[in-house]
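Coordinates as given in structure_5.pdb (PDB, C-alpha atoms):
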```pdb
ATOM      1  CA  MET K   1       1.448  23.830  -0.292
ATOM      2  CA  VAL K   2       0.326  20.527   1.250
ATOM      3  CA  LYS K   3      -1.944  22.283   3.738
ATOM      4  CA  ALA K   4      -3.411  24.432   0.954
ATOM      5  CA  ILE K   5      -4.326  21.338  -1.073
ATOM      6  CA  ALA K   6      -5.982  19.731   1.954
ATOM      7  CA  ARG K   7      -7.944  22.908   2.682
ATOM      8  CA  PHE K   8      -9.069  23.130  -0.930
ATOM      9  CA  ILE K   9     -10.325  19.541  -0.811
ATOM     10  CA  MET K  10     -12.290  20.248   2.369
ATOM     11  CA  ARG K  11     -14.056  23.257   0.845
ATOM     12  CA  GLY K  12     -16.705  20.987  -0.652
ATOM     13  CA  PRO K  13     -17.495  17.821  -2.675
ATOM     14  CA  SER K  14     -16.904  19.544  -6.020
ATOM     15  CA  GLN K  15     -13.398  20.646  -5.051
ATOM     16  CA  ALA K  16     -12.505  17.241  -3.641
ATOM     17  CA  ALA K  17     -13.879  15.467  -6.736
ATOM     18  CA  LEU K  18     -11.922  17.829  -8.996
ATOM     19  CA  VAL K  19      -8.637  16.999  -7.280
ATOM     20  CA  ALA K  20      -9.445  13.262  -7.273
ATOM     21  CA  ALA K  21     -10.386  13.156 -10.973
ATOM     22  CA  VAL K  22      -7.524  15.308 -12.277
ATOM     23  CA  THR K  23      -4.833  13.512 -10.267
ATOM     24  CA  ALA K  24      -6.245  10.140 -11.335
ATOM     25  CA  LEU K  25      -5.857  11.162 -14.975
ATOM     26  CA  LEU K  26      -2.369  12.541 -14.364
ATOM     27  CA  SER K  27      -1.388   9.216 -12.796
ATOM     28  CA  VAL K  28      -1.455   7.687 -16.291
ATOM     29  CA  LEU K  29       1.724   9.689 -16.974
ATOM     30  CA  MET K  30       2.969   9.903 -13.355
ATOM     31  CA  PRO K  31       1.758   6.854 -11.381
ATOM     32  CA  PRO K  32       2.701   8.197  -7.903
ATOM     33  CA  VAL K  33       0.135  10.992  -8.373
ATOM     34  CA  ALA K  34      -2.562   8.341  -7.862
ATOM     35  CA  LEU K  35      -1.829   8.612  -4.131
ATOM     36  CA  LEU K  36      -3.211  12.157  -4.153
ATOM     37  CA  SER K  37      -6.348  10.939  -5.911
ATOM     38  CA  GLY K  38      -7.021   8.285  -3.302
ATOM     39  CA  ALA K  39      -6.098  10.682  -0.496
ATOM     40  CA  SER K  40      -8.626  13.270  -1.711
ATOM     41  CA  VAL K  41     -11.484  10.779  -1.387
ATOM     42  CA  GLY K  42     -10.035   9.406   1.844
ATOM     43  CA  LEU K  43      -9.802  12.794   3.540
ATOM     44  CA  VAL K  44     -13.448  13.588   2.837
ATOM     45  CA  SER K  45     -14.492  10.121   4.079
ATOM     46  CA  LEU K  46     -12.477  10.471   7.281
ATOM     47  CA  ARG K  47     -14.034  13.831   8.085
ATOM     48  CA  GLY K  48     -17.536  13.580   6.654
ATOM     49  CA  GLY K  49     -18.366   9.887   6.780
ATOM     50  CA  PRO K  50     -19.871   7.529   4.175
ATOM     51  CA  LYS K  51     -22.308   9.987   2.587
ATOM     52  CA  ASP K  52     -19.601  12.531   1.740
ATOM     53  CA  GLY K  53     -17.072   9.897   0.679
ATOM     54  CA  LEU K  54     -19.459   8.178  -1.715
ATOM     55  CA  ALA K  55     -20.716  11.498  -3.089
ATOM     56  CA  VAL K  56     -17.176  12.648  -3.926
ATOM     57  CA  SER K  57     -16.401   9.240  -5.482
ATOM     58  CA  ALA K  58     -19.498   9.473  -7.691
ATOM     59  CA  ILE K  59     -18.797  13.045  -8.813
ATOM     60  CA  ALA K  60     -15.139  12.230  -9.453
ATOM     61  CA  THR K  61     -16.129   9.179 -11.515
ATOM     62  CA  LEU K  62     -18.435  11.254 -13.695
ATOM     63  CA  GLY K  63     -15.831  13.983 -14.077
ATOM     64  CA  MET K  64     -12.978  11.623 -14.843
ATOM     65  CA  GLY K  65     -15.210   9.646 -17.207
ATOM     66  CA  ALA K  66     -15.911  12.795 -19.214
ATOM     67  CA  LEU K  67     -12.239  13.808 -19.261
ATOM     68  CA  ALA K  68     -11.111  10.282 -20.167
ATOM     69  CA  TRP K  69     -13.658  10.169 -22.985
ATOM     70  CA  LEU K  70     -12.247  13.370 -24.435
ATOM     71  CA  ALA K  71      -8.589  12.467 -23.894
ATOM     72  CA  LEU K  72      -8.575   8.686 -24.389
ATOM     73  CA  GLY K  73     -11.793   8.016 -26.278
ATOM     74  CA  SER K  74     -13.331   5.882 -23.515
ATOM     75  CA  PRO K  75     -14.796   6.560 -20.054
ATOM     76  CA  LEU K  76     -13.928   3.059 -18.805
ATOM     77  CA  PRO K  77     -10.704   4.117 -16.984
ATOM     78  CA  ALA K  78     -12.870   6.081 -14.550
ATOM     79  CA  LEU K  79     -14.785   2.920 -13.639
ATOM     80  CA  GLY K  80     -11.509   1.091 -13.066
ATOM     81  CA  VAL K  81     -10.251   3.828 -10.731
ATOM     82  CA  LEU K  82     -13.562   3.810  -8.859
ATOM     83  CA  LEU K  83     -13.440   0.056  -8.238
ATOM     84  CA  MET K  84      -9.693  -0.330  -7.626
ATOM     85  CA  LEU K  85      -8.914   2.870  -5.724
ATOM     86  CA  TRP K  86     -11.702   5.203  -4.624
ATOM     87  CA  LEU K  87     -14.191   2.711  -3.191
ATOM     88  CA  PRO K  88     -11.503   0.709  -1.321
ATOM     89  CA  VAL K  89     -10.082   3.932   0.134
ATOM     90  CA  VAL K  90     -13.572   5.027   1.205
ATOM     91  CA  GLY K  91     -14.173   1.640   2.852
ATOM     92  CA  LEU K  92     -10.890   1.639   4.768
ATOM     93  CA  ALA K  93     -11.280   5.306   5.705
ATOM     94  CA  LEU K  94     -14.658   4.520   7.262
ATOM     95  CA  VAL K  95     -13.182   1.577   9.187
ATOM     96  CA  LEU K  96     -10.458   3.889  10.521
ATOM     97  CA  ARG K  97     -12.961   6.660  11.253
ATOM     98  CA  TYR K  98     -15.197   4.469  13.397
ATOM     99  CA  SER K  99     -12.689   2.010  14.896
ATOM    100  CA  ARG K 100      -9.820   4.480  15.401
ATOM    101  CA  SER K 101      -7.538   1.478  14.912
ATOM    102  CA  LEU K 102      -4.889   1.755  12.213
ATOM    103  CA  GLY K 103      -3.848  -1.844  12.875
ATOM    104  CA  LEU K 104      -7.348  -3.187  12.220
ATOM    105  CA  THR K 105      -7.652  -1.069   9.078
ATOM    106  CA  VAL K 106      -4.336  -2.291   7.689
ATOM    107  CA  GLN K 107      -5.201  -5.917   8.426
ATOM    108  CA  LEU K 108      -8.535  -5.622   6.618
ATOM    109  CA  ALA K 109      -6.585  -4.347   3.614
ATOM    110  CA  GLY K 110      -4.357  -7.404   3.966
ATOM    111  CA  ALA K 111      -7.428  -9.631   4.016
ATOM    112  CA  ALA K 112      -8.461  -8.052   0.705
ATOM    113  CA  ALA K 113      -5.025  -8.858  -0.736
ATOM    114  CA  VAL K 114      -5.408 -12.470   0.360
ATOM    115  CA  LEU K 115      -8.891 -12.617  -1.157
ATOM    116  CA  LEU K 116      -7.644 -11.227  -4.495
ATOM    117  CA  THR K 117      -4.892 -13.840  -4.588
ATOM    118  CA  LEU K 118      -7.239 -16.702  -3.689
ATOM    119  CA  LEU K 119      -9.797 -15.609  -6.296
ATOM    120  CA  ALA K 120      -7.102 -15.540  -8.979
ATOM    121  CA  TYR K 121      -6.076 -19.104  -8.207
ATOM    122  CA  ALA K 122      -9.709 -20.228  -7.921
ATOM    123  CA  PHE K 123     -10.925 -18.844 -11.240
ATOM    124  CA  ILE K 124      -7.788 -18.887 -13.424
ATOM    125  CA  GLU K 125      -6.469 -22.316 -14.285
ATOM    126  CA  ASP K 126      -2.845 -21.144 -14.509
ATOM    127  CA  PRO K 127      -2.312 -17.570 -13.210
ATOM    128  CA  ALA K 128       1.374 -17.604 -14.192
ATOM    129  CA  ALA K 129       0.526 -18.440 -17.813
ATOM    130  CA  ALA K 130      -2.106 -15.705 -17.870
ATOM    131  CA  TRP K 131       0.413 -13.144 -16.620
ATOM    132  CA  LEU K 132       2.962 -14.395 -19.142
ATOM    133  CA  ASP K 133       0.506 -13.666 -21.960
ATOM    134  CA  LEU K 134      -0.249 -10.196 -20.561
ATOM    135  CA  LEU K 135       3.438  -9.352 -20.192
ATOM    136  CA  ASP K 136       4.503 -10.727 -23.568
ATOM    137  CA  PRO K 137       4.166  -7.406 -25.498
ATOM    138  CA  PHE K 138       6.472  -5.762 -22.954
ATOM    139  CA  ARG K 139       8.925  -8.662 -23.262
ATOM    140  CA  GLN K 140       8.956  -8.370 -27.043
ATOM    141  CA  ALA K 141       9.557  -4.619 -26.796
ATOM    142  CA  LEU K 142      12.610  -5.221 -24.605
ATOM    143  CA  VAL K 143      13.937  -7.772 -27.088
ATOM    144  CA  GLN K 144      13.398  -5.410 -30.031
ATOM    145  CA  ASP K 145      15.183  -2.591 -28.188
ATOM    146  CA  GLY K 146      18.143  -4.865 -27.504
ATOM    147  CA  VAL K 147      17.737  -4.730 -23.725
ATOM    148  CA  LEU K 148      17.380  -8.520 -23.452
ATOM    149  CA  THR K 149      18.044 -11.422 -25.753
ATOM    150  CA  GLU K 150      15.160 -13.691 -26.765
ATOM    151  CA  ASP K 151      16.286 -16.580 -24.559
ATOM    152  CA  ALA K 152      17.115 -14.402 -21.569
ATOM    153  CA  SER K 153      13.785 -12.565 -21.809
ATOM    154  CA  ARG K 154      11.782 -15.796 -21.896
ATOM    155  CA  GLY K 155      13.508 -17.087 -18.774
ATOM    156  CA  ALA K 156      13.206 -13.802 -16.888
ATOM    157  CA  PHE K 157       9.543 -13.275 -17.698
ATOM    158  CA  ALA K 158       8.661 -16.920 -16.980
ATOM    159  CA  SER K 159      10.140 -16.450 -13.500
ATOM    160  CA  LEU K 160       8.474 -13.063 -13.010
ATOM    161  CA  SER K 161       5.045 -14.324 -14.063
ATOM    162  CA  ARG K 162       4.993 -16.878 -11.241
ATOM    163  CA  TRP K 163       5.156 -14.069  -8.659
ATOM    164  CA  MET K 164       2.830 -11.599 -10.379
ATOM    165  CA  THR K 165      -0.459 -12.650  -8.766
ATOM    166  CA  GLY K 166       0.763 -11.874  -5.261
ATOM    167  CA  ALA K 167       2.712  -8.837  -6.457
ATOM    168  CA  PHE K 168      -0.387  -7.406  -8.136
ATOM    169  CA  ALA K 169      -2.508  -7.904  -5.004
ATOM    170  CA  ALA K 170       0.247  -6.346  -2.904
ATOM    171  CA  ALA K 171       0.550  -3.364  -5.262
ATOM    172  CA  VAL K 172      -3.193  -2.689  -5.241
ATOM    173  CA  VAL K 173      -3.402  -2.840  -1.449
ATOM    174  CA  ALA K 174      -0.223  -0.761  -1.037
ATOM    175  CA  GLN K 175      -1.632   1.953  -3.289
ATOM    176  CA  VAL K 176      -4.917   2.043  -1.367
ATOM    177  CA  LEU K 177      -3.192   2.099   2.031
ATOM    178  CA  LEU K 178      -0.708   4.786   1.028
ATOM    179  CA  GLY K 179      -3.581   6.905  -0.280
ATOM    180  CA  LEU K 180      -5.329   6.428   3.070
ATOM    181  CA  PHE K 181      -2.143   7.322   4.953
ATOM    182  CA  VAL K 182      -1.783  10.550   2.982
ATOM    183  CA  ALA K 183      -5.426  11.341   3.754
ATOM    184  CA  ARG K 184      -4.853  10.697   7.472
ATOM    185  CA  TRP K 185      -1.727  12.880   7.345
ATOM    186  CA  TRP K 186      -3.706  15.703   5.710
ATOM    187  CA  GLN K 187      -6.393  15.320   8.360
ATOM    188  CA  ALA K 188      -3.752  15.616  11.079
ATOM    189  CA  ILE K 189      -2.211  18.696   9.452
ATOM    190  CA  LEU K 190      -5.588  20.438   9.415
ATOM    191  CA  TYR K 191      -7.115  19.286  12.697
ATOM    192  CA  ASN K 192      -4.577  17.387  14.831
ATOM    193  CA  PRO K 193      -0.943  18.386  14.151
ATOM    194  CA  GLY K 194       1.448  15.501  14.764
ATOM    195  CA  GLY K 195      -1.397  13.030  15.187
ATOM    196  CA  PHE K 196      -0.619  10.847  12.201
ATOM    197  CA  GLY K 197       3.031  10.414  13.179
ATOM    198  CA  SER K 198       2.066   9.175  16.634
ATOM    199  CA  GLU K 199      -0.611   6.899  15.176
ATOM    200  CA  PHE K 200       1.684   5.344  12.579
ATOM    201  CA  ARG K 201       4.511   4.747  15.027
ATOM    202  CA  THR K 202       2.192   2.606  17.162
ATOM    203  CA  LEU K 203       0.905   0.509  14.238
ATOM    204  CA  ARG K 204       0.772  -3.115  15.363
ATOM    205  CA  LEU K 205      -0.484  -6.243  13.648
ATOM    206  CA  SER K 206      -2.261  -8.934  15.643
ATOM    207  CA  ARG K 207      -0.669 -12.194  16.727
ATOM    208  CA  SER K 208      -3.263 -14.033  14.643
ATOM    209  CA  PHE K 209      -1.818 -12.346  11.571
ATOM    210  CA  GLY K 210       1.671 -13.297  12.717
ATOM    211  CA  ILE K 211       0.656 -16.935  13.208
ATOM    212  CA  LEU K 212      -0.845 -17.047   9.696
ATOM    213  CA  THR K 213       2.382 -15.666   8.242
ATOM    214  CA  VAL K 214       4.532 -18.158  10.150
ATOM    215  CA  LEU K 215       2.327 -21.054   9.008
ATOM    216  CA  LEU K 216       2.687 -19.952   5.390
ATOM    217  CA  LEU K 217       6.455 -19.659   5.801
ATOM    218  CA  ALA K 218       6.551 -23.149   7.349
ATOM    219  CA  ALA K 219       4.527 -24.577   4.454
ATOM    220  CA  LEU K 220       6.686 -22.958   1.767
ATOM    221  CA  PRO K 221       9.407 -25.685   1.626
ATOM    222  CA  PHE K 222       6.766 -28.396   1.255
ATOM    223  CA  VAL K 223       4.950 -26.987  -1.780
ATOM    224  CA  GLY K 224       6.306 -27.350  -5.275
ATOM    225  CA  GLY K 225       7.668 -24.203  -6.907
ATOM    226  CA  VAL K 226       6.264 -20.692  -6.722
ATOM    227  CA  GLY K 227       2.537 -21.112  -6.266
ATOM    228  CA  LEU K 228      -0.319 -20.026  -4.052
ATOM    229  CA  VAL K 229       1.598 -20.067  -0.753
ATOM    230  CA  ALA K 230       4.465 -17.949  -2.081
ATOM    231  CA  ASN K 231       2.065 -15.456  -3.635
ATOM    232  CA  LEU K 232       0.063 -15.180  -0.415
ATOM    233  CA  LEU K 233       3.293 -14.328   1.404
ATOM    234  CA  VAL K 234       4.045 -11.611  -1.143
ATOM    235  CA  ALA K 235       0.561 -10.159  -0.706
ATOM    236  CA  LEU K 236       0.867 -10.153   3.090
ATOM    237  CA  GLY K 237       4.422  -8.850   3.009
ATOM    238  CA  VAL K 238       3.138  -5.290   2.510
ATOM    239  CA  LEU K 239       1.628  -5.326   5.995
ATOM    240  CA  LEU K 240       4.823  -6.613   7.611
ATOM    241  CA  LEU K 241       6.782  -3.961   5.736
ATOM    242  CA  LEU K 242       4.516  -1.243   7.159
ATOM    243  CA  GLN K 243       5.000  -2.562  10.697
ATOM    244  CA  GLY K 244       8.747  -2.670  10.113
ATOM    245  CA  LEU K 245       8.659   0.977   9.042
ATOM    246  CA  ALA K 246       6.562   1.833  12.102
ATOM    247  CA  VAL K 247       9.253   0.229  14.280
ATOM    248  CA  ALA K 248      11.966   2.239  12.515
ATOM    249  CA  HIS K 249      10.067   5.512  12.970
ATOM    250  CA  GLN K 250       9.351   4.804  16.654
ATOM    251  CA  VAL K 251      12.980   3.866  17.381
ATOM    252  CA  HIS K 252      14.040   7.055  15.604
ATOM    253  CA  ALA K 253      11.668   9.074  17.803
ATOM    254  CA  LEU K 254      12.667   7.328  21.034
ATOM    255  CA  LYS K 255      16.371   7.801  20.355
ATOM    256  CA  LYS K 256      15.807  11.381  19.165
ATOM    257  CA  ALA K 257      18.023  10.546  16.197
ATOM    258  CA  HIS K 258      18.837  12.942  13.373
ATOM    259  CA  ALA K 259      16.424  13.083  10.421
ATOM    260  CA  ALA K 260      19.235  11.816   8.189
ATOM    261  CA  TRP K 261      18.780   8.401   9.834
ATOM    262  CA  LEU K 262      15.307   7.969   8.345
ATOM    263  CA  ILE K 263      16.302   9.562   5.051
ATOM    264  CA  GLY K 264      19.113   7.028   4.759
ATOM    265  CA  LEU K 265      16.672   4.200   5.424
ATOM    266  CA  TYR K 266      14.375   5.281   2.591
ATOM    267  CA  VAL K 267      17.351   5.723   0.266
ATOM    268  CA  LEU K 268      18.402   2.150   1.055
ATOM    269  CA  MET K 269      14.851   0.998   0.284
ATOM    270  CA  VAL K 270      15.254   2.399  -3.218
ATOM    271  CA  ILE K 271      18.859   1.366  -3.924
ATOM    272  CA  PHE K 272      18.718  -2.091  -2.337
ATOM    273  CA  MET K 273      14.996  -2.619  -2.766
ATOM    274  CA  PRO K 274      14.465  -6.377  -2.351
ATOM    275  CA  GLN K 275      16.973  -6.812   0.468
ATOM    276  CA  THR K 276      15.894  -3.779   2.508
ATOM    277  CA  LEU K 277      12.184  -4.519   2.077
ATOM    278  CA  ILE K 278      12.649  -8.131   3.195
ATOM    279  CA  LEU K 279      14.702  -6.984   6.210
ATOM    280  CA  LEU K 280      12.017  -4.496   7.265
ATOM    281  CA  ALA K 281       9.306  -7.135   6.818
ATOM    282  CA  CYS K 282      11.299  -9.515   9.035
ATOM    283  CA  ILE K 283      11.612  -6.779  11.680
ATOM    284  CA  GLY K 284       7.848  -6.270  11.458
ATOM    285  CA  LEU K 285       7.243 -10.000  11.978
ATOM    286  CA  VAL K 286       9.620 -10.188  14.959
ATOM    287  CA  ASP K 287       7.985  -7.114  16.504
ATOM    288  CA  ILE K 288       4.599  -8.871  16.655
ATOM    289  CA  TRP K 289       5.955 -11.022  19.487
ATOM    290  CA  GLY K 290       9.193  -9.270  20.486
ATOM    291  CA  ASP K 291       7.754  -5.734  20.894
ATOM    292  CA  ILE K 292      10.984  -4.084  19.795
ATOM    293  CA  ARG K 293       9.602  -0.605  20.415
ATOM    294  CA  ALA K 294       8.800  -1.295  24.061
ATOM    295  CA  ARG K 295      12.252  -2.776  24.641
ATOM    296  CA  VAL K 296      13.979   0.216  23.058
ATOM    297  CA  GLY K 297      11.773   2.540  25.123
ATOM    298  CA  GLN K 298      12.743   0.779  28.356
ATOM    299  CA  THR K 299      16.413   0.952  27.447
ATOM    300  CA  GLY K 300      16.131   4.623  26.558
ATOM    301  CA  SER K 301      14.371   5.467  29.839
ATOM    302  CA  GLY K 302      17.106   3.856  31.896
ATOM    303  CA  GLY K 303      14.993   0.837  32.951
ATOM    304  CA  ASN K 304      16.385  -2.533  33.872
ATOM    305  CA  GLY K 305      15.460  -4.021  30.546
ATOM    306  CA  PRO K 306      12.429  -5.991  29.461
ATOM    307  CA  PRO K 307      10.897  -8.506  31.809
ATOM    308  CA  GLY K 308      11.978 -12.084  31.441
TER     309      GLY K 308
END
```
This entry written out as structure tokens:
Amino acid sequence: MVKAIARFIMRGPSQAALVAAVTALLSVLMPPVALLSGASVGLVSLRGGPKDGLAVSAIATLGMGALAWLALGSPLPALGVLLMLWLPVVGLALVLRYSRSLGLTVQLAGAAAVLLTLLAYAFIEDPAAAWLDLLDPFRQALVQDGVLTEDASRGAFASLSRWMTGAFAAAVVAQVLLGLFVARWWQAILYNPGGFGSEFRTLRLSRSFGILTVLLLAALPFVGGVGLVANLLVALGVLLLLQGLAVAHQVHALKKAHAAWLIGLYVLMVIFMPQTLILLACIGLVDIWGDIRARVGQTGSGGNGPPG
């Protein structure tokens, strides 16, 4: 099924644009489907380059605009998808195509998350207050449904709003990167079986990125409340999480562990989401300097351990 979808996308720009537009519309009801939309544009960009990627994005925008006009009464959602998903995926796909470096591509996405966060704090006087206003209808709905009391809802949403700038930037970048990863996986299925797994397991962030993260962590106790520094850490946390997952997948491969090991890890990520995600991000940060994968590989090969 997966291979059939990838083959259909590669049949031509019209087919790829059709999949991208339809899945983007379906994501209104089923948000995870947006990954397939981004992946459709990403796959064409990885294989055909900028001309094909931009052509599919343009056709998909026109197609989705027409469908959104009929279904929602406005073509504007198509423009939003173009700017927030398709064009970023095309850009990162081209970086990956020409650099062949997944680490560089991921870090450029992280730079975009940082830029989004900085722009929010530069142009919005109080980002937390702005988010509180945007979230207020949802808060009122929870109060009306009896899920939360008035006082409890105000406290919970006031706390949530302080983290939303970084969380939004992280969510946007995560969606774009996951769409790109699916595209790279499809490309490997069609043209290089097993290639994406090997590439992802060697994902490594630079020490410069690690130093920036450590500096932000060191500054956190000295700034008042949840502000710019905390939100920057949230935005960058996506990248550390991905490196942590890469470490887990490589250790699994080196140890030739059962598939249930990885399945259990992803189940834990859902059940104990904040704790497991933070743990994986910490592993990713340690791996920048500690090279956990190399150490496990030396142990597994019967070496004398890592050099001192």
Practice problem: Starting from the displayed file, determine the output of the PyMOL selection byres ((chain K and resi 46-54) around 12) and express the residue list as a PyMOL selection string. | Solution: chain K and resi 6+9-14+16-17+20+38-45+55-61+82+86-100+180-188+190-191
Exercise. Taking the file above as input, evaluate the PyMOL selection byres ((chain K and resi 279) around 12) and report the hits as number ranges by chain.
Key: K: 237, 240-245, 248, 265, 268-269, 272-278, 280-286
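Shortest atom-to-atom contact with Leu83 (chain K) among K:Val2, K:Leu25, K:Ala122, K:Val176: K:Val176, counting only C-alpha atoms.
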Quiz item: Could you name the residues that touch Ser198 (chain K) at 12 Å or less, counting only C-alpha atoms, but leaving out those on the same chain fewer than 2 positions away, as a list of chain:residue names?
Solution: K:Leu102, K:Arg184, K:Trp185, K:Ala188, K:Asn192, K:Pro193, K:Gly194, K:Gly195, K:Phe196, K:Phe200, K:Arg201, K:Thr202, K:Leu203, K:Ala246, K:Val247, K:His249, K:Gln250, K:Ala253, K:Leu254
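Nearest residue to Phe138 (chain K) among K:Ala230, K:Ser153, K:Gly63, K:Leu29 is K:Ser153, counting all atoms listed in the file.
As for CA of Ala235 (chain K) and CA of Ala113 (chain K), they are spaced 5.7 Å apart.
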Exercise. Taking the file above as input, evaluate the PyMOL selection byres ((chain K and resi 231) around 12) and report the hits as a ChimeraX atom specification.
Key: /K:113-118,120-121,127-128,160-170,213,216-217,220,225-230,232-238
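Pairwise distance (CA of Ile211 (chain K), CA of Val172 (chain K)) equals 23.6 Å.
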Exercise. Between K:Ala24, K:Met84, K:Ala109, K:Pro32, single out the one closest to Ala68 (chain K), counting all atoms listed in the file.
Key: K:Ala24
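With all atoms listed in the file as the basis for measurement, K:Ala21 is the residue among K:Pro31, K:Ala21, K:Leu104, K:Gly264 that approaches Met64 (chain K) most closely.
A straight line drawn from CA of Ser208 (chain K) to CA of Leu262 (chain K) is 29.5 Å long.
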Quiz item: So which one's closest to Val33 (chain K), K:Leu178, K:Val214, K:Leu76, K:Val223? Using all atoms listed in the file, please.
Solution: K:Leu178
Centre and edge lengths, as AutoDock Vina command-line options, for the axis-aligned box enclosing every listed atom of region 241-247 of chain K with 4 Å of padding on each of the six sides, in Å to one decimal?
```
--center_x 6.9 --center_y -1.1 --center_z 10.0 --size_x 12.7 --size_y 13.8 --size_z 16.5
```
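Minimum distance to Ala4 (chain K) across K:Leu26, K:Gly73, K:Asp133, K:Ile189 (counting only C-alpha atoms) occurs at K:Ile189.
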Quiz item: Near Trp289 (chain K), within 10 Å and counting only C-alpha atoms, which residues show up once chain neighbours fewer than 6 positions away are dropped, as a PyMOL selection string?
Solution: chain K and resi 205-207+210
Starting from the sparse input, extend region 19-32 of chain K to N, CA and C atoms and give the output as a short mmCIF file (atom, residue, chain, number, x, y, z; two decimals), in the coordinates of the input.
```cif
data_model
loop_
_atom_site.label_atom_id
_atom_site.label_comp_id
_atom_site.auth_asym_id
_atom_site.auth_seq_id
_atom_site.Cartn_x
_atom_site.Cartn_y
_atom_site.Cartn_z
N VAL K 19 -10.00 17.45 -7.56
CA VAL K 19 -8.64 17.00 -7.28
C VAL K 19 -8.51 15.50 -7.54
N ALA K 20 -9.50 14.71 -7.10
CA ALA K 20 -9.44 13.26 -7.27
C ALA K 20 -9.43 12.88 -8.75
N ALA K 21 -10.28 13.51 -9.55
CA ALA K 21 -10.39 13.16 -10.97
C ALA K 21 -9.14 13.58 -11.75
N VAL K 22 -8.68 14.80 -11.52
CA VAL K 22 -7.52 15.31 -12.28
C VAL K 22 -6.26 14.52 -11.93
N THR K 23 -6.03 14.27 -10.65
CA THR K 23 -4.83 13.51 -10.27
C THR K 23 -4.91 12.06 -10.74
N ALA K 24 -6.11 11.50 -10.80
CA ALA K 24 -6.24 10.14 -11.34
C ALA K 24 -5.85 10.10 -12.80
N LEU K 25 -6.26 11.10 -13.57
CA LEU K 25 -5.86 11.16 -14.98
C LEU K 25 -4.36 11.39 -15.12
N LEU K 26 -3.80 12.27 -14.29
CA LEU K 26 -2.37 12.54 -14.36
C LEU K 26 -1.54 11.31 -14.00
N SER K 27 -2.13 10.41 -13.21
CA SER K 27 -1.39 9.22 -12.80
C SER K 27 -1.08 8.29 -13.97
N VAL K 28 -1.78 8.47 -15.09
CA VAL K 28 -1.46 7.69 -16.29
C VAL K 28 -0.03 8.00 -16.74
N LEU K 29 0.37 9.27 -16.61
CA LEU K 29 1.72 9.69 -16.97
C LEU K 29 2.67 9.62 -15.79
N MET K 30 2.15 9.90 -14.57
CA MET K 30 2.97 9.90 -13.36
C MET K 30 2.27 9.06 -12.30
N PRO K 31 2.50 7.76 -12.27
CA PRO K 31 1.76 6.85 -11.38
C PRO K 31 1.72 7.26 -9.91
N PRO K 32 2.78 7.83 -9.33
CA PRO K 32 2.70 8.20 -7.90
C PRO K 32 1.61 9.22 -7.58
#
```
